[in-house]
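Note: the block below is query03.tsv and it holds TSV, C-alpha atoms.
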```tsv
chain	number	residue	atom	x	y	z
A	258	MET	CA	0.00	0.00	0.00
A	259	ILE	CA	2.75	2.49	0.86
A	260	PRO	CA	4.65	2.13	-2.44
A	261	GLU	CA	1.40	2.75	-4.35
A	262	ASN	CA	0.74	5.98	-2.44
A	263	ARG	CA	4.22	7.42	-2.81
A	264	PRO	CA	4.07	8.30	-6.53
A	265	SER	CA	0.73	10.12	-6.19
A	266	ARG	CA	1.92	12.04	-3.14
A	267	LEU	CA	5.15	12.98	-4.88
A	268	LYS	CA	3.05	14.21	-7.80
A	269	TYR	CA	1.27	16.65	-5.48
A	270	PHE	CA	4.65	18.28	-4.90
A	271	THR	CA	6.18	18.12	-8.38
A	272	SER	CA	3.06	19.27	-10.23
A	273	GLY	CA	3.13	22.61	-8.43
A	274	ILE	CA	6.64	23.29	-9.68
A	275	ILE	CA	6.09	22.58	-13.37
A	276	LEU	CA	2.75	21.21	-14.58
A	277	GLU	CA	0.62	23.45	-12.36
A	278	ASN	CA	3.00	26.31	-11.77
A	279	PRO	CA	0.90	29.11	-10.24
A	280	ILE	CA	2.35	31.88	-12.41
A	281	LEU	CA	3.28	30.34	-15.76
A	282	ILE	CA	0.54	27.70	-16.02
A	283	LEU	CA	-2.38	28.66	-13.77
A	284	MET	CA	-1.70	32.39	-14.27
A	285	ILE	CA	-2.69	33.37	-10.72
A	286	GLY	CA	-0.90	35.52	-8.14
A	287	LEU	CA	0.27	37.87	-10.88
A	288	CYS	CA	-0.15	41.14	-8.95
A	289	PRO	CA	2.59	40.48	-6.36
A	290	THR	CA	4.70	38.88	-9.06
A	291	LEU	CA	4.62	41.99	-11.22
A	292	ALA	CA	5.12	44.39	-8.32
A	293	THR	CA	7.79	42.65	-6.24
A	294	SER	CA	10.06	41.04	-8.84
A	295	VAL	CA	12.04	44.20	-9.63
A	296	THR	CA	15.11	42.61	-8.03
A	297	ALA	CA	16.03	39.05	-7.17
A	298	GLN	CA	16.17	39.84	-3.45
A	299	ASP	CA	12.70	41.38	-3.46
A	300	GLY	CA	11.32	38.40	-5.36
A	301	LEU	CA	12.92	35.97	-2.94
A	302	GLY	CA	11.49	37.89	0.02
A	303	MET	CA	7.97	37.79	-1.39
A	304	GLY	CA	8.38	34.14	-2.33
A	305	ILE	CA	9.42	33.18	1.21
A	306	ALA	CA	6.63	35.23	2.79
A	307	ALA	CA	3.93	33.78	0.54
A	308	SER	CA	5.35	30.26	0.96
A	309	PHE	CA	5.22	30.51	4.75
A	310	VAL	CA	1.58	31.57	4.67
A	311	LEU	CA	0.63	28.97	2.06
A	312	ILE	CA	2.24	26.02	3.83
A	313	CYS	CA	1.00	26.97	7.31
A	314	SER	CA	-2.55	27.75	6.19
A	315	ASN	CA	-2.80	24.52	4.18
A	316	PHE	CA	-1.64	22.59	7.24
A	317	VAL	CA	-4.15	24.18	9.62
A	318	ILE	CA	-7.08	24.03	7.21
A	319	SER	CA	-6.41	20.38	6.45
A	320	LEU	CA	-6.06	19.67	10.17
A	321	ILE	CA	-9.49	21.10	11.07
A	322	ARG	CA	-11.29	20.57	7.75
A	323	LYS	CA	-13.75	18.05	9.17
A	324	ILE	CA	-15.09	20.54	11.69
A	325	ILE	CA	-15.29	23.54	9.35
A	326	PRO	CA	-18.92	24.13	8.29
A	327	SER	CA	-19.17	24.25	4.52
A	328	SER	CA	-21.42	27.31	4.58
A	329	ILE	CA	-18.81	29.51	6.29
A	330	ARG	CA	-15.60	27.88	5.08
A	331	ILE	CA	-14.37	30.90	3.08
A	332	PRO	CA	-14.49	33.35	6.04
A	333	ILE	CA	-12.72	30.75	8.17
A	334	PHE	CA	-10.05	30.30	5.49
A	335	ILE	CA	-9.48	34.04	5.42
A	336	ILE	CA	-9.18	34.22	9.21
A	337	ILE	CA	-6.59	31.43	9.23
A	338	ILE	CA	-4.63	32.92	6.34
A	339	SER	CA	-4.71	36.44	7.82
A	340	SER	CA	-3.31	35.08	11.10
A	341	PHE	CA	-0.20	33.79	9.36
A	342	VAL	CA	0.04	36.94	7.25
A	343	THR	CA	0.09	38.96	10.47
A	344	ILE	CA	2.93	36.79	11.78
A	345	ILE	CA	5.09	37.21	8.68
A	346	ASP	CA	4.21	40.92	8.56
A	347	TYR	CA	5.53	41.47	12.09
A	348	VAL	CA	8.59	39.29	11.48
A	349	LEU	CA	9.55	41.31	8.40
A	350	GLN	CA	9.02	44.59	10.24
A	351	ALA	CA	11.22	43.42	13.10
A	352	PHE	CA	14.05	41.69	11.27
A	353	GLU	CA	13.94	42.92	7.64
A	354	PRO	CA	12.60	46.49	7.74
A	355	GLY	CA	14.27	47.37	4.44
A	356	LEU	CA	12.63	44.46	2.64
A	357	TYR	CA	9.34	45.22	4.37
A	358	GLN	CA	9.41	48.77	3.04
A	359	VAL	CA	10.01	47.50	-0.48
A	360	LEU	CA	7.28	44.86	-0.39
A	361	GLY	CA	4.92	47.35	1.24
A	362	VAL	CA	1.21	46.70	0.88
A	363	PHE	CA	1.78	43.40	-0.92
A	364	VAL	CA	2.58	41.65	2.36
A	365	PRO	CA	-0.89	42.30	3.89
A	366	LEU	CA	-2.44	41.53	0.50
A	367	ILE	CA	-1.17	37.95	0.78
A	368	VAL	CA	-4.46	37.40	2.62
A	369	VAL	CA	-6.34	37.57	-0.68
A	370	ASN	CA	-3.62	36.02	-2.84
A	371	CYS	CA	-5.36	33.74	-5.33
A	372	ILE	CA	-2.74	31.02	-4.91
A	373	ILE	CA	-3.22	30.70	-1.16
A	374	LEU	CA	-6.99	31.03	-1.02
A	375	GLY	CA	-7.34	28.82	-4.07
A	376	ARG	CA	-5.29	25.98	-2.59
A	377	ALA	CA	-7.23	26.22	0.67
A	378	GLU	CA	-10.53	25.84	-1.18
A	379	ALA	CA	-9.50	23.41	-3.92
A	380	PHE	CA	-7.10	21.16	-2.04
A	381	ALA	CA	-6.50	21.55	1.71
A	382	TYR	CA	-10.23	21.47	2.52
A	383	HIS	CA	-10.55	18.09	0.76
A	384	HIS	CA	-7.29	16.30	1.55
A	385	GLY	CA	-5.24	15.06	4.48
A	386	ILE	CA	-2.40	16.86	6.20
A	387	ILE	CA	0.54	15.23	4.40
A	388	ASP	CA	-0.99	15.67	0.96
A	389	SER	CA	-1.91	19.28	1.72
A	390	ILE	CA	1.60	20.11	2.89
A	391	LEU	CA	3.12	18.51	-0.23
A	392	ASP	CA	0.73	20.44	-2.43
A	393	ALA	CA	1.58	23.70	-0.64
A	394	LEU	CA	5.32	23.00	-0.87
A	395	GLY	CA	5.08	22.36	-4.60
A	396	LYS	CA	3.09	25.52	-5.30
A	397	ALA	CA	5.38	27.52	-3.00
A	398	VAL	CA	8.53	26.31	-4.73
A	399	GLY	CA	7.00	26.92	-8.16
A	400	PHE	CA	5.90	30.44	-7.24
A	401	THR	CA	9.24	31.31	-5.62
A	402	LEU	CA	11.33	29.96	-8.49
A	403	VAL	CA	9.46	32.01	-11.08
A	404	ILE	CA	9.36	35.25	-9.10
A	405	VAL	CA	13.08	34.97	-8.29
A	406	LEU	CA	13.88	34.17	-11.93
A	407	MET	CA	11.95	37.25	-13.00
A	408	GLY	CA	13.76	39.29	-10.36
A	409	ILE	CA	17.13	38.09	-11.63
A	410	ILE	CA	16.29	38.97	-15.24
A	411	ARG	CA	14.75	42.36	-14.43
A	412	GLU	CA	17.59	43.30	-12.07
A	413	PHE	CA	20.19	42.21	-14.60
A	414	PHE	CA	18.81	44.36	-17.42
A	415	SER	CA	17.81	47.35	-15.28
A	416	ALA	CA	20.84	47.58	-12.99
A	417	GLY	CA	23.47	45.15	-14.23
A	418	THR	CA	23.42	43.27	-10.93
A	419	ILE	CA	22.10	39.99	-9.53
A	420	PHE	CA	21.22	39.89	-5.84
A	421	GLY	CA	23.02	43.23	-5.60
A	422	ALA	CA	26.31	41.89	-6.99
A	423	ILE	CA	27.70	43.61	-10.08
A	424	VAL	CA	27.86	41.15	-12.98
A	425	THR	CA	28.07	43.45	-16.02
A	426	PRO	CA	30.65	45.94	-17.38
A	427	ALA	CA	30.38	49.60	-16.39
A	428	GLY	CA	29.27	50.50	-19.90
A	429	PHE	CA	26.22	48.27	-19.61
A	430	ARG	CA	25.24	49.76	-16.26
A	431	GLN	CA	25.44	53.28	-17.69
A	432	SER	CA	22.75	52.40	-20.25
A	433	PRO	CA	20.33	50.15	-18.38
A	434	VAL	CA	17.07	48.85	-19.81
A	435	LEU	CA	14.88	50.92	-17.48
A	436	PHE	CA	11.76	49.51	-19.14
A	437	MET	CA	12.30	46.34	-17.09
A	438	ILE	CA	11.78	48.24	-13.83
A	439	PHE	CA	8.18	49.09	-14.64
A	440	PRO	CA	5.09	46.82	-14.72
A	441	PRO	CA	4.96	46.70	-18.55
A	442	GLY	CA	8.43	45.18	-18.49
A	443	ALA	CA	7.23	42.54	-16.05
A	444	PHE	CA	4.18	41.83	-18.24
A	445	LEU	CA	6.43	41.38	-21.24
A	446	LEU	CA	8.74	39.07	-19.31
A	447	ILE	CA	5.85	36.90	-18.10
A	448	GLY	CA	4.64	36.66	-21.69
A	449	ILE	CA	8.08	35.55	-22.88
A	450	LEU	CA	8.43	32.95	-20.12
A	451	LYS	CA	4.88	31.73	-20.75
A	452	SER	CA	5.58	31.32	-24.47
A	453	ILE	CA	8.74	29.34	-23.69
A	454	VAL	CA	6.81	27.03	-21.36
A	455	ASN	CA	4.06	26.58	-23.96
A	456	ARG	CA	6.60	25.70	-26.64
A	457	LEU	CA	8.31	23.18	-24.36
A	458	ASN	CA	4.95	21.59	-23.58
A	459	GLU	CA	4.13	21.41	-27.30
A	460	ASN	CA	7.44	19.76	-28.08
A	461	LYS	CA	6.96	17.33	-25.21
A	462	GLY	CA	3.53	16.43	-26.54
A	463	LYS	CA	4.90	15.76	-30.01
```
Please express what this file holds, its structure, as C-alpha cells.
Amino acid sequence: MIPENRPSRLKYFTSGIILENPILILMIGLCPTLATSVTAQDGLGMGIAASFVLICSNFVISLIRKIIPSSIRIPIFIIIISSFVTIIDYVLQAFEPGLYQVLGVFVPLIVVNCIILGRAEAFAYHHGIIDSILDALGKAVGFTLVIVLMGIIREFFSAGTIFGAIVTPAGFRQSPVLFMIFPPGAFLLIGILKSIVNRLNENKGK
C-alpha cells in the first residue's frame, strides 16, 4: 500500500513546480509577481513570505477541515490565512525592515492572494495533512522559483546586478534597460516565459 501511495503524493509536490506552476501555467498571483520582482532579493522575500503563509494555512485548514462548516468555510479560510500573514508581517518589520518597506502593501495583501486562497478551497479542505503540505510545498517552490527568476532577469537588465552583486561591465550599467523596472516590463517578461513554457509543452507532446 505504501509504495502505491508514494508516486501520487510525490506528484502533489512536483506538479506545483512545473505542470501546475501558479504563475506560468495557472496564471494566478500575478499582482505580487509583477510588483515585487524588480530585483532578485525582493522576489525571494515575497516568495518566502507567501510560501510561509501557504504552507501553514494549508496545514491548519487540512487539520481542522472536518469541523469547518461548509457554509462559512471561506471566512474561516481568510481568518486562518490572515493570522499567518500577520505573523510574517511582524517578522519582516522586526528583522527585515528594508525588505518590508520595499514589499509594502503586498505583504498584507497575501491574505487575498489567489494562490493561497485557491489551494485552501480546492485542495486543503478536501485532503489530508501530508498531501496538503506537499501540495503547498510544490506551489510555494513553483511560485518562488518564477518570481526569483523574474527578479534576476529584471535586475540584470535594469541595474546590471544579480542579488546586488555587479555582474556586467560599467558600460552596460550606464545604459540600463529601465523599461524592465516598470510593470509593462514585467508583463512582457511573463509573456516571454509563458511562451517558452508553452513551446516546451508542445514539443513534449509531439
re CA of Ile321 in chain A and CA of Leu349 in chain A: distance 27.9 Å
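For the pair CA of Thr418 in chain A and CA of Arg430 in chain A, the separation is 8.6 Å.
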Got a sec: who's within 12 Å of Ser340 in chain A, counting only C-alpha atoms, leaving out chain neighbours fewer than 4 positions off, as a PyMOL selection string? chain A and resi 309-311+313-314+317+333-336+344-347+365+367-368
Ala379 in chain A: which residues within 12 Å, counting only C-alpha atoms, same-chain residues fewer than 5 positions away excluded, as number ranges by chain? A: 315, 318-319, 330-331, 334, 371-374, 384, 389, 392-393
Rank A:Val359, A:Leu267, A:Leu276, A:Val369 by their smallest atom-to-atom distance to Asn458 in chain A, using only C-alpha atoms, and report the top residue only. A:Leu276
May I ask for the distance between CA of Ile338 in chain A and CA of Ile390 in chain A, given in Å to one decimal place? 14.7 Å
Which one is closest to Ala416 in chain A: A:Gly428, A:Gly448, A:Pro433, A:Pro354? Count only C-alpha atoms. A:Pro433
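Of the listed residues (A:Ala381, A:Leu356, A:Leu281, A:Ala427), A:Leu356 comes nearest to Thr293 in chain A; the distances count all atoms listed in the file.
For the residues A:Val362, A:Met284, A:Ala377, A:Leu402, ranking by smallest atom-to-atom distance to Arg322 in chain A using all atoms listed in the file places A:Ala377 first.
Checking A:Arg456, A:His383, A:Lys268, A:Lys451 one by one against Gly395 in chain A, counting all atoms listed in the file, you find the shortest gap at A:Lys268.
The nearest approach to Glu412 in chain A among the residues A:Pro326, A:Gly273, A:Gly300, A:Gly385, with all atoms listed in the file taken into account, belongs to A:Gly300.
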Can you tell me, as a list in words, what residues are no more than 9 Å from Leu435 in chain A when counting all atoms listed in the file, ignoring any on the same chain fewer than 4 positions away? Phe414, Ser415, Ala416, Phe439 and Gly442 of chain A
Counting only C-alpha atoms, what is within 12 Å of Gln358 in chain A, bar same-chain residues fewer than 6 positions away, as number ranges by chain? A: 293, 299, 302-303, 346, 349-352, 364
